[in-house]
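Here is work11.cif, consisting of mmCIF, C-alpha atoms:
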```cif
data_start
#
loop_
_atom_site.label_atom_id
_atom_site.label_comp_id
_atom_site.auth_asym_id
_atom_site.auth_seq_id
_atom_site.Cartn_x
_atom_site.Cartn_y
_atom_site.Cartn_z
CA MET A 39 -45.83 -44.67 39.72
CA PRO A 40 -45.89 -42.97 43.15
CA ALA A 41 -46.43 -39.24 43.05
CA ASP A 42 -43.49 -36.98 43.64
CA LEU A 43 -44.35 -34.24 46.13
CA SER A 44 -41.13 -32.30 45.63
CA THR A 45 -41.33 -28.82 44.19
CA SER A 46 -37.62 -28.05 44.23
CA ILE A 47 -36.10 -30.97 42.35
CA SER A 48 -35.91 -30.89 38.55
CA GLY A 49 -34.38 -33.02 35.85
CA GLU A 50 -31.43 -30.63 35.77
CA SER A 51 -30.79 -30.99 39.51
CA VAL A 52 -31.07 -34.78 39.30
CA GLU A 53 -28.46 -34.79 36.56
CA ALA A 54 -26.23 -32.54 38.68
CA LEU A 55 -26.56 -35.07 41.53
CA VAL A 56 -25.55 -37.98 39.29
CA THR A 57 -22.63 -36.01 37.86
CA LYS A 58 -21.41 -35.05 41.34
CA ILE A 59 -21.51 -38.61 42.67
CA ALA A 60 -19.85 -40.05 39.55
CA LYS A 61 -17.07 -37.45 39.81
CA GLN A 62 -16.48 -38.37 43.43
CA ARG A 63 -16.42 -42.09 42.63
CA SER A 64 -13.88 -41.67 39.85
CA ARG A 65 -11.30 -40.89 42.51
CA LEU A 66 -11.78 -44.23 44.29
CA ALA A 67 -9.90 -46.25 41.71
CA GLN A 68 -7.69 -45.65 38.74
CA ASP A 69 -9.65 -48.09 36.60
CA ARG A 70 -13.35 -48.88 36.65
CA SER A 71 -14.00 -52.57 37.37
CA PHE A 72 -16.94 -54.19 35.66
CA ALA A 73 -16.45 -57.30 37.81
CA LYS A 74 -17.01 -55.24 40.98
CA ILE A 75 -20.06 -53.55 39.49
CA ARG A 76 -21.48 -56.93 38.45
CA ASP A 77 -20.87 -58.38 41.90
CA VAL A 78 -22.47 -55.47 43.76
CA ALA A 79 -25.45 -55.59 41.38
CA ARG A 80 -25.90 -59.26 42.27
CA ASP A 81 -25.55 -58.53 45.98
CA LEU A 82 -28.31 -55.92 45.63
CA GLY A 83 -30.48 -58.29 43.62
CA LEU A 84 -30.44 -56.01 40.58
CA HIS A 85 -29.43 -58.67 38.07
CA ARG A 86 -32.98 -60.04 38.14
CA ILE A 87 -35.67 -57.47 38.86
CA ALA A 88 -38.47 -58.56 36.49
CA GLU A 89 -40.00 -61.78 35.28
CA LYS A 90 -38.72 -61.03 31.79
CA GLN A 91 -35.67 -58.93 30.90
CA VAL A 92 -34.29 -57.60 27.62
CA VAL A 93 -30.88 -56.06 26.95
CA VAL A 94 -30.57 -54.06 23.72
CA GLY A 95 -27.18 -53.34 22.16
CA GLY A 96 -25.90 -52.37 18.74
CA THR A 97 -24.33 -49.47 16.87
CA ASN A 98 -27.45 -47.70 15.59
CA GLY A 99 -31.20 -48.02 16.05
CA LYS A 100 -31.21 -49.01 19.72
CA GLY A 101 -33.40 -46.13 20.85
CA SER A 102 -35.99 -46.67 18.12
CA THR A 103 -36.15 -50.41 18.76
CA VAL A 104 -36.56 -49.88 22.50
CA GLY A 105 -39.23 -47.24 21.91
CA TYR A 106 -41.32 -49.48 19.66
CA LEU A 107 -40.89 -52.49 21.96
CA GLN A 108 -42.12 -50.46 24.93
CA GLN A 109 -45.17 -49.30 23.00
CA ILE A 110 -46.01 -52.80 21.73
CA LEU A 111 -45.84 -54.20 25.26
CA SER A 112 -47.46 -51.34 27.18
CA GLN A 113 -50.44 -51.21 24.84
CA GLN A 114 -51.11 -54.87 25.69
CA GLY A 115 -51.25 -54.04 29.39
CA VAL A 116 -47.70 -55.19 30.15
CA ARG A 117 -45.92 -53.10 32.80
CA VAL A 118 -42.63 -52.05 31.17
CA GLY A 119 -39.61 -50.34 32.70
CA VAL A 120 -37.15 -48.84 30.21
CA THR A 121 -33.77 -47.22 30.54
CA THR A 122 -32.09 -45.58 27.53
CA SER A 123 -29.28 -43.15 26.77
CA PRO A 124 -28.40 -40.47 26.05
CA HIS A 125 -31.20 -37.99 26.67
CA LEU A 126 -32.21 -35.06 24.49
CA HIS A 127 -33.51 -32.51 27.00
CA SER A 128 -33.91 -33.93 30.50
CA TYR A 129 -31.99 -36.57 32.43
CA LEU A 130 -35.35 -38.02 33.49
CA GLU A 131 -35.92 -39.28 29.93
CA ARG A 132 -33.43 -42.04 30.70
CA ILE A 133 -35.75 -43.95 33.05
CA SER A 134 -39.44 -44.55 32.36
CA LEU A 135 -42.43 -46.70 33.22
CA ASP A 136 -44.80 -47.43 30.33
CA GLY A 137 -43.38 -44.48 28.42
CA VAL A 138 -43.75 -41.98 31.27
CA ARG A 139 -40.49 -40.66 32.64
CA VAL A 140 -39.60 -41.01 36.30
CA GLU A 141 -40.52 -38.19 38.68
CA PRO A 142 -37.48 -36.13 39.76
CA GLY A 143 -37.87 -36.61 43.51
CA GLN A 144 -38.29 -40.36 43.17
CA CYS A 145 -35.26 -40.55 40.88
CA ALA A 146 -33.06 -38.50 43.20
CA ASP A 147 -34.02 -40.70 46.15
CA ALA A 148 -33.16 -43.85 44.18
CA ILE A 149 -29.81 -42.39 43.10
CA ARG A 150 -28.89 -41.67 46.72
CA ARG A 151 -29.89 -45.19 47.77
CA ILE A 152 -27.71 -46.74 45.07
CA ALA A 153 -24.83 -44.39 45.93
CA ASP A 154 -25.00 -45.39 49.59
CA ALA A 155 -25.16 -49.10 48.74
CA THR A 156 -22.15 -48.92 46.42
CA SER A 157 -19.97 -46.47 48.35
CA ASP A 158 -16.78 -48.51 48.03
CA ILE A 159 -16.58 -48.91 44.25
CA ALA A 160 -15.92 -46.60 41.31
CA LEU A 161 -19.01 -45.83 39.24
CA THR A 162 -19.40 -43.78 36.09
CA TYR A 163 -22.36 -41.52 35.34
CA PHE A 164 -23.85 -44.28 33.20
CA ASP A 165 -23.20 -47.03 35.78
CA LEU A 166 -25.03 -45.05 38.43
CA THR A 167 -27.93 -44.35 36.07
CA THR A 168 -28.32 -48.01 35.05
CA LEU A 169 -28.23 -49.32 38.62
CA THR A 170 -30.71 -46.61 39.64
CA ALA A 171 -33.04 -47.66 36.82
CA LEU A 172 -32.88 -51.31 37.88
CA HIS A 173 -33.63 -50.32 41.48
CA LEU A 174 -36.67 -48.35 40.31
CA PHE A 175 -37.88 -51.17 38.07
CA ARG A 176 -37.91 -53.49 41.08
CA GLN A 177 -39.67 -50.84 43.14
CA TRP A 178 -42.31 -50.42 40.39
CA ASP A 179 -42.77 -54.19 40.08
CA VAL A 180 -42.44 -54.16 36.30
CA ASP A 181 -43.37 -57.20 34.22
CA VAL A 182 -40.63 -56.55 31.64
CA ALA A 183 -37.38 -54.61 32.06
CA VAL A 184 -35.79 -53.23 28.88
CA VAL A 185 -32.21 -52.03 29.32
CA GLU A 186 -30.32 -50.27 26.54
CA VAL A 187 -26.54 -50.69 26.37
CA GLY A 188 -24.65 -47.41 26.57
CA LEU A 189 -21.34 -48.41 24.99
CA GLY A 190 -20.21 -51.75 23.62
CA GLY A 191 -21.72 -54.48 25.74
CA ARG A 192 -19.15 -56.72 27.42
CA LEU A 193 -18.11 -54.15 30.03
CA ASP A 194 -21.22 -52.00 29.95
CA CYS A 195 -23.26 -51.80 33.14
CA ALA A 196 -26.31 -53.07 31.24
CA ASN A 197 -24.49 -56.41 31.08
CA VAL A 198 -25.11 -57.03 34.79
CA VAL A 199 -28.67 -57.92 33.78
CA GLU A 200 -29.51 -61.58 33.20
CA SER A 201 -31.39 -61.14 29.96
CA ASP A 202 -34.06 -63.50 28.69
CA VAL A 203 -33.71 -61.97 25.22
CA ALA A 204 -30.68 -60.09 23.89
CA VAL A 205 -31.06 -57.70 20.95
CA ILE A 206 -28.24 -56.44 18.74
CA THR A 207 -29.62 -53.95 16.24
CA ASN A 208 -26.53 -53.91 14.01
CA ILE A 209 -22.75 -53.76 14.25
CA ASP A 210 -20.74 -51.01 12.58
CA LEU A 211 -17.75 -48.76 13.20
CA ASP A 212 -18.22 -46.27 16.06
CA HIS A 213 -16.35 -45.51 19.29
CA THR A 214 -13.37 -47.25 17.70
CA ALA A 215 -10.90 -45.85 20.25
CA LEU A 216 -12.68 -47.87 22.94
CA LEU A 217 -14.21 -50.82 21.09
CA GLY A 218 -11.69 -51.55 18.35
CA ASN A 219 -11.02 -50.60 14.74
CA SER A 220 -12.73 -53.52 13.03
CA ILE A 221 -16.19 -55.04 12.83
CA GLU A 222 -14.70 -58.20 14.29
CA ASP A 223 -13.34 -56.43 17.38
CA ILE A 224 -16.57 -54.48 17.93
CA SER A 225 -18.64 -57.65 17.47
CA LYS A 226 -16.74 -59.31 20.33
CA GLU A 227 -17.75 -56.47 22.63
CA LYS A 228 -21.39 -56.35 21.60
CA VAL A 229 -22.21 -60.06 21.44
CA ALA A 230 -21.21 -60.53 25.09
CA ILE A 231 -24.71 -59.45 26.19
CA VAL A 232 -26.04 -62.82 24.95
CA ARG A 233 -26.71 -65.36 27.70
CA PRO A 234 -26.32 -69.16 27.40
CA ASN A 235 -29.39 -70.87 25.96
CA GLN A 236 -31.20 -67.54 25.61
CA PRO A 237 -32.15 -66.09 22.21
CA LEU A 238 -30.50 -63.28 20.31
CA VAL A 239 -32.48 -61.03 17.98
CA PHE A 240 -29.85 -59.92 15.47
CA ALA A 241 -31.08 -57.10 13.23
CA ASP A 242 -28.07 -57.20 10.92
CA SER A 243 -28.38 -59.34 7.80
CA ARG A 244 -24.65 -59.32 7.04
CA ASP A 245 -22.56 -62.41 7.76
CA ASN A 246 -20.79 -62.18 11.12
CA LEU A 247 -18.51 -65.05 12.10
CA VAL A 248 -17.93 -63.66 15.62
CA VAL A 249 -21.66 -63.62 16.38
CA ASP A 250 -22.18 -67.04 14.80
CA THR A 251 -19.33 -68.63 16.79
CA TYR A 252 -20.25 -67.00 20.10
CA THR A 253 -23.94 -67.92 19.94
CA GLU A 254 -23.13 -71.46 18.84
CA ASN A 255 -20.82 -71.88 21.83
CA GLN A 256 -23.52 -70.48 24.10
CA ALA A 257 -26.22 -72.69 22.55
CA SER A 258 -28.18 -69.48 21.99
CA PRO A 259 -30.74 -69.48 19.16
CA VAL A 260 -30.35 -66.57 16.75
CA PHE A 261 -33.22 -64.74 15.06
CA THR A 262 -31.70 -62.83 12.15
CA LEU A 263 -33.06 -59.95 10.09
CA GLY A 264 -34.16 -61.18 6.67
CA ARG A 265 -34.30 -64.80 7.82
CA GLU A 266 -36.53 -65.11 10.92
CA PHE A 267 -37.98 -61.61 10.78
CA GLY A 268 -38.05 -58.52 8.60
CA ARG A 269 -39.98 -56.63 5.98
CA VAL A 270 -41.87 -58.15 3.06
CA SER A 271 -42.28 -56.34 -0.24
CA ASP A 272 -46.06 -56.23 0.12
CA GLY A 273 -45.82 -53.72 2.97
CA SER A 274 -45.95 -56.17 5.84
CA VAL A 275 -43.41 -57.53 8.30
CA PHE A 276 -42.93 -61.11 9.45
CA VAL A 277 -41.62 -62.62 12.65
CA THR A 278 -40.95 -66.17 13.79
CA ARG A 279 -43.11 -67.40 16.65
CA ASN A 280 -43.03 -70.96 17.99
CA GLY A 281 -41.25 -72.15 14.87
CA ALA A 282 -43.76 -70.63 12.43
CA GLN A 283 -43.91 -67.31 10.64
CA ALA A 284 -46.50 -64.69 11.50
CA ARG A 285 -47.19 -61.63 9.34
CA TYR A 286 -48.29 -58.18 10.40
CA ALA A 287 -49.40 -55.17 8.41
CA ILE A 288 -47.01 -52.26 8.94
CA PRO A 289 -48.75 -49.26 10.53
CA SER A 290 -48.54 -46.32 8.13
CA CYS A 291 -46.34 -44.32 10.52
CA MET A 292 -43.80 -47.17 10.56
CA ASN A 293 -42.91 -47.34 6.87
CA HIS A 294 -39.64 -45.48 7.43
CA ALA A 295 -38.69 -47.59 10.48
CA SER A 296 -39.69 -51.11 9.48
CA GLU A 297 -36.38 -52.64 10.60
CA SER A 298 -36.64 -51.28 14.15
CA PHE A 299 -40.35 -52.08 14.26
CA SER A 300 -39.90 -55.68 13.07
CA THR A 301 -37.01 -56.11 15.53
CA ALA A 302 -39.29 -54.96 18.33
CA LEU A 303 -42.09 -57.29 17.17
CA GLN A 304 -39.70 -60.26 17.02
CA THR A 305 -38.49 -59.47 20.54
CA ALA A 306 -42.08 -59.24 21.80
CA ALA A 307 -42.78 -62.65 20.22
CA LEU A 308 -39.87 -64.22 22.11
CA LEU A 309 -41.23 -62.70 25.33
CA ASP A 310 -44.61 -64.36 24.58
CA PHE A 311 -46.30 -60.98 24.10
CA SER A 312 -47.11 -61.08 20.40
CA PRO A 313 -50.10 -58.87 19.57
CA SER A 314 -52.74 -60.17 17.19
CA ASN A 315 -53.09 -58.39 13.87
CA VAL A 316 -56.38 -56.97 15.12
CA THR A 317 -54.75 -55.69 18.31
CA LEU A 318 -51.79 -54.25 16.41
CA GLY A 319 -54.18 -52.46 14.10
CA THR A 320 -55.72 -50.62 17.04
CA MET A 321 -52.39 -49.50 18.49
CA ARG A 322 -51.21 -45.92 18.12
CA PHE A 323 -47.46 -45.53 17.72
CA SER A 324 -45.25 -42.50 18.06
CA THR A 325 -41.80 -42.20 16.52
CA PRO A 326 -39.04 -41.62 19.10
CA VAL A 327 -38.10 -37.95 19.05
CA GLY A 328 -34.91 -36.99 17.29
CA ARG A 329 -35.19 -39.94 14.92
CA LEU A 330 -36.36 -38.79 11.49
CA GLU A 331 -38.44 -36.22 13.36
CA GLN A 332 -40.14 -33.82 10.99
CA GLY A 333 -41.69 -30.42 11.53
CA TYR A 334 -42.77 -27.32 9.62
CA THR A 335 -41.74 -23.97 11.06
CA ARG A 336 -40.09 -20.77 9.83
CA ASP A 337 -41.80 -21.58 6.51
CA ARG A 338 -39.51 -24.58 6.02
CA HIS A 339 -39.60 -28.36 6.26
CA TRP A 340 -37.16 -29.53 8.97
CA ILE A 341 -35.94 -33.07 9.62
CA LEU A 342 -34.03 -33.81 12.82
CA ASP A 343 -32.04 -37.01 13.25
CA VAL A 344 -29.40 -38.01 15.80
CA ALA A 345 -27.32 -39.88 13.19
CA HIS A 346 -23.84 -39.62 14.70
CA ASN A 347 -21.64 -42.06 12.78
CA PRO A 348 -21.05 -42.91 9.11
CA ALA A 349 -23.38 -45.91 9.03
CA ALA A 350 -26.26 -43.95 10.56
CA ILE A 351 -25.78 -41.14 8.05
CA ARG A 352 -25.82 -43.54 5.09
CA TYR A 353 -28.98 -45.13 6.43
CA LEU A 354 -30.58 -41.71 6.85
CA ARG A 355 -29.84 -40.75 3.24
CA GLN A 356 -31.38 -44.00 1.99
CA THR A 357 -34.45 -43.60 4.19
CA LEU A 358 -35.04 -40.02 3.06
CA ALA A 359 -34.78 -41.10 -0.57
CA HIS A 360 -37.40 -43.79 0.05
CA GLN A 361 -39.65 -40.97 1.25
CA ASN A 362 -39.08 -39.22 -2.11
CA ILE A 363 -36.81 -36.60 -0.56
CA LEU A 364 -34.11 -36.50 -3.21
CA GLU A 365 -32.33 -33.29 -2.15
CA CYS A 366 -31.67 -31.61 1.18
CA VAL A 367 -29.59 -29.00 2.96
CA VAL A 368 -27.72 -30.15 6.07
CA VAL A 369 -26.90 -28.45 9.37
CA PHE A 370 -24.16 -30.53 10.97
CA ALA A 371 -22.34 -30.70 14.31
CA CYS A 372 -20.52 -33.62 15.90
CA PHE A 373 -18.39 -34.36 18.93
CA SER A 374 -14.60 -34.20 19.02
CA ASP A 375 -14.17 -37.98 19.42
CA LYS A 376 -15.99 -38.74 16.16
CA ASP A 377 -14.51 -39.47 12.74
CA VAL A 378 -15.56 -36.21 11.06
CA LYS A 379 -14.03 -37.08 7.71
CA SER A 380 -15.85 -40.41 7.46
CA MET A 381 -19.12 -38.80 8.49
CA PHE A 382 -18.75 -36.20 5.74
CA THR A 383 -17.85 -38.87 3.22
CA SER A 384 -21.10 -40.63 4.10
CA LEU A 385 -22.95 -37.34 3.66
CA THR A 386 -21.51 -36.31 0.33
CA GLU A 387 -20.26 -39.24 -1.75
CA PRO A 388 -22.48 -41.22 -4.15
CA MET A 389 -23.86 -44.51 -2.84
CA ASN A 390 -24.57 -47.75 -4.68
CA CYS A 391 -28.27 -47.29 -4.03
CA VAL A 392 -30.83 -44.49 -4.19
CA ALA A 393 -29.87 -41.84 -1.65
CA THR A 394 -30.72 -38.22 -0.93
CA LYS A 395 -28.24 -35.70 -2.34
CA VAL A 396 -26.89 -32.98 -0.05
CA ILE A 397 -26.91 -29.72 -2.03
CA GLY A 398 -25.77 -27.39 0.74
CA MET A 399 -24.17 -27.67 4.16
CA VAL A 400 -23.64 -25.56 7.27
CA ILE A 401 -21.30 -26.69 10.06
CA THR A 402 -22.04 -25.39 13.55
CA ASP A 403 -20.57 -25.85 17.03
CA SER A 404 -21.33 -28.82 19.27
CA HIS A 405 -21.43 -28.14 23.00
CA GLY A 406 -20.30 -29.92 26.16
CA THR A 407 -17.07 -31.52 27.32
CA ARG A 408 -16.76 -33.39 24.00
CA GLY A 409 -17.75 -30.36 21.96
CA LEU A 410 -16.14 -29.56 18.63
CA SER A 411 -16.19 -26.06 17.19
CA ALA A 412 -17.39 -25.48 13.65
CA ALA A 413 -14.03 -23.97 12.75
CA ALA A 414 -12.16 -27.04 14.02
CA ALA A 415 -14.48 -29.36 12.14
CA ARG A 416 -13.94 -27.34 8.94
CA ARG A 417 -10.16 -27.66 9.29
CA GLU A 418 -10.57 -31.44 9.41
CA LEU A 419 -12.33 -31.30 6.05
CA LYS A 420 -9.68 -29.78 3.83
CA ARG A 421 -10.64 -31.90 0.82
CA PHE A 422 -14.27 -30.80 1.01
CA HIS A 423 -13.82 -27.37 -0.54
CA ARG A 424 -17.22 -26.55 -1.93
CA GLY A 425 -20.68 -26.15 -0.50
CA ILE A 426 -19.66 -25.90 3.16
CA GLN A 427 -20.45 -22.86 5.26
CA VAL A 428 -19.39 -22.29 8.87
CA GLU A 429 -21.58 -20.65 11.51
CA SER A 430 -20.80 -21.23 15.18
CA ASP A 431 -24.17 -20.05 16.48
CA LEU A 432 -26.87 -22.65 15.87
CA ASP A 433 -29.74 -20.23 15.35
CA LEU A 434 -27.73 -18.38 12.72
CA ALA A 435 -26.70 -21.70 11.17
CA LEU A 436 -30.38 -22.61 10.78
CA SER A 437 -31.03 -19.28 9.07
CA VAL A 438 -28.06 -19.69 6.74
CA ALA A 439 -29.25 -23.19 5.83
CA ALA A 440 -32.66 -21.81 4.94
CA SER A 441 -31.01 -19.37 2.53
CA LEU A 442 -29.15 -22.08 0.60
CA SER A 443 -32.09 -23.56 -1.28
CA ASP A 444 -35.65 -23.12 -2.43
CA PRO A 445 -38.35 -23.42 0.27
CA GLN A 446 -39.46 -26.84 -0.91
CA VAL A 447 -36.05 -28.40 -0.14
CA PRO A 448 -35.97 -29.89 3.39
CA ILE A 449 -33.28 -28.95 5.90
CA VAL A 450 -31.80 -31.85 7.87
CA VAL A 451 -30.13 -31.27 11.26
CA LEU A 452 -27.86 -34.15 12.31
CA GLY A 453 -24.55 -35.26 13.80
CA SER A 454 -25.17 -35.57 17.57
CA PHE A 455 -27.83 -35.65 20.26
CA ASP A 456 -26.55 -32.22 21.34
CA VAL A 457 -27.26 -30.41 18.08
CA VAL A 458 -30.65 -32.10 17.66
CA SER A 459 -31.63 -31.19 21.22
CA ARG A 460 -30.75 -27.52 20.70
CA ALA A 461 -32.37 -27.43 17.27
CA ARG A 462 -35.62 -28.82 18.68
CA ARG A 463 -35.69 -25.94 21.14
CA ALA A 464 -34.69 -23.31 18.58
CA LEU A 465 -37.36 -24.52 16.16
CA ALA A 466 -39.99 -24.90 18.91
CA MET A 467 -40.40 -28.61 18.13
CA CYS A 468 -40.15 -29.74 21.79
CA GLU A 469 -43.08 -31.61 23.26
CA SER A 470 -44.60 -30.48 26.52
CA LYS A 471 -46.02 -33.87 27.57
CA ASN A 472 -44.38 -35.88 30.33
CA GLY A 473 -43.52 -38.77 28.08
CA ALA A 474 -40.15 -40.44 27.69
CA THR A 475 -38.28 -39.02 24.71
#
```

Let me see the file written as C-alpha cells.
Amino acid sequence: MPADLSTSISGESVEALVTKIAKQRSRLAQDRSFAKIRDVARDLGLHRIAEKQVVVGGTNGKGSTVGYLQQILSQQGVRVGVTTSPHLHSYLERISLDGVRVEPGQCADAIRRIADATSDIALTYFDLTTLTALHLFRQWDVDVAVVEVGLGGRLDCANVVESDVAVITNIDLDHTALLGNSIEDISKEKVAIVRPNQPLVFADSRDNLVVDTYTENQASPVFTLGREFGRVSDGSVFVTRNGAQARYAIPSCMNHASESFSTALQTAALLDFSPSNVTLGTMRFSTPVGRLEQGYTRDRHWILDVAHNPAAIRYLRQTLAHQNILECVVVFACFSDKDVKSMFTSLTEPMNCVATKVIGMVITDSHGTRGLSAAAARRELKRFHRGIQVESDLDLALSVAASLSDPQVPIVVLGSFDVVSRARRALAMCESKNGAT
C-alpha cells in the first residue's frame, strides 16, 4: 500500500469529508436510485475490480465471517481488499488491504475522486464509502475483493459488485422498517446479492423457501450450513470442495465462532484457496474486535459484543453458556430505531437450550443521531420491573454493573457498536496497532 505522507489528515477528518459530501448529495434527489448508482459503478469499471469477488450479506455474523475469510486468504499470500461496516473507532477501519486499514490521505484522495466522478447522482454515506473502497481495491490490484453488505442486499451499494461467490450468514428480523416485518420479506432483499450460475454460501440451516426458489431460478448452487459445511461433534469443521468433503481441525481460538469460521473456509474453498490442514495449523487467527471480545481490567472480567438485535443476543447467551459462563451482568444501550422490548426479551426470558442467565442489568445512553437515552429505553420496558438500573453516563454504568455481583461474575457490554466502542475506550481495551478492526 503506498505510503501516506500527510500529517494533517486523520480518520476523523476523512469521516467528516464523507459526511459532508453525502449531505450535499442528498439534496440532488428526493429518492436515492440504486439503478443510477449501479450504472455509474459500471461506467467507472467498479463492478469488476478483482479476479475474484465476494459479497457478504446477512443479519448477523457478517463482520466475523469477513474477518476470518480475510485472514485465511491473506495468510496464503492472497492479496485481499475488504470493506466492512460500521466501524468501532475510526472510519479507516472500513477499508483495508490484507487486514491493514487504508492510510487517511490515500482514502481522502479516493473519496474526492469518486465524488468528482459521480457529481450528478445522490449518494449516501455508505454508497460513497463502498465505491471508494472498490476504487482503492482496483488501485491496489487485489486478487480478491470482499465486500460486506451494509443493509439488506437488493438495493445496497455492495450489490453493484459482480460476485463470484455470495455469502448470506443468516436471515433474521432486523431493520424491519426498511426491509420488511417477516423473514420472507427480508429474505427477498438479502438473496438478491446472488448472481446467476454463481454459488451461494448460506450459513443458515433453517428452511427458507425464498432462498430455495431464487437460487433455483438463477441456477445458483447453494452450500448450506449443516449440509455442505459446518461443525462436527469431534471438534472439527467440514467443507465441500470439488464435490467431496474436507475436514479441518478447529483452531483453539475458534471454538466460540465455528459457524463464522466454517463459513469463511467454505467460501475460500469456492474461491479455490483452500488451505491444507498443515497450512491451517500454522495460521494465527485473531477474533474481530467487539465480537465476544474479552478483557480483564478494574479487577473484573469484561465481555464486549456488538449484538444489536434479538437473534444476536440469543446467540450470544448460548455461546457464553458453551464457554461455561452461566451468569452475567449486562450493560446495555441500543439505538432508537431498534426493537428494545424484543431485545430485552431475548436477554431475560428462558430459552429452550442452555443459555447464560442475566442476573443484573444497567441501561445507559447510546450516542449519535440515532441515540436513545437510558431513561427513554427504561420507559419502553414497563413490564421489566426488576433488576434494571439506569445510568446515563457509561463510565458510571460500568461501575454500577461491577457492584451488582461477585467479582467472578462477568460483565457483558452489548446493544450497539456505539456502546461497545465507548466501553473499549473506557476500559482501555483498544488496540494501538494499525490493523483493521

Suppose a student applies the PyMOL selection byres ((chain A and resi 101) around 12) to this structure; what residues should they get, written as a ChimeraX atom specification?
/A:93-100,102-108,120-126,131-132,184-188,205-207,295,298-299,301-302,325-329,343-345,455,474-475

Counting all atoms listed in the file, the option among A:Ser374, A:Ser243, A:Ser300, A:Thr170 closest to A:Ala415:
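Using all atoms listed in the file, the shortest distance to A:Ala415 belongs to A:Ser374.
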
Contacts of A:Glu429 at 12 Å (only C-alpha atoms; same-chain gap of 6+ positions) as a list in words:
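In the requested form, the answer reads Val369, Phe370, Ala371, Met399, Val400, Ile401, Thr402, Asp403, Ser404, Ser411, Ala412, Ala413, Ala414, Ala415, Arg416, Ala435, Leu436, Ser437, Val438 and Ala439 of chain A.
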
Please indicate the distance in Å from atom CA of A:Phe261 to atom CA of A:Glu331, rounded to one decimal place.
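Taking atom CA of A:Phe261 and atom CA of A:Glu331, their separation equals 29.0 Å.
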
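All residues of protein, DNA or RNA that reach within 8 Å of A:Asp210, judged by only C-alpha atoms and not counting those fewer than 3 positions away in the chain, are Thr97, Ile221, Ile224 and Ala349 of chain A.
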
Residues matched by the PyMOL selection byres ((chain A and resi 379) around 10) as a ChimeraX atom specification:
/A:348,376-378,380-385,415-416,418-422

When the PyMOL selection byres ((chain A and resi 183) around 12) is applied to the structure above, which residues does it catch, written out as a ChimeraX atom specification?
/A:84-94,104,107-108,111-112,116-122,133-136,168,171-182,184-186,196,199-204,309

Tell me which of A:Leu432, A:Ala287, A:Val447, A:Cys391 sits closest to A:Arg460, counting only C-alpha atoms.
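Of A:Leu432, A:Ala287, A:Val447, A:Cys391, the one nearest A:Arg460 is A:Leu432, counting only C-alpha atoms.
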
Nearby residues (only C-alpha atoms) at most 9 Å from A:Gln283, same-chain spacing under 6 positions excluded, as number ranges by chain:
A: 266-267, 276-277

With distances taken over all atoms listed in the file, which of A:Asp81, A:Asp337, A:Asp194, A:Asp456 is nearest to A:Leu161?
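With all atoms listed in the file as the atom set, the closest residue is A:Asp194.
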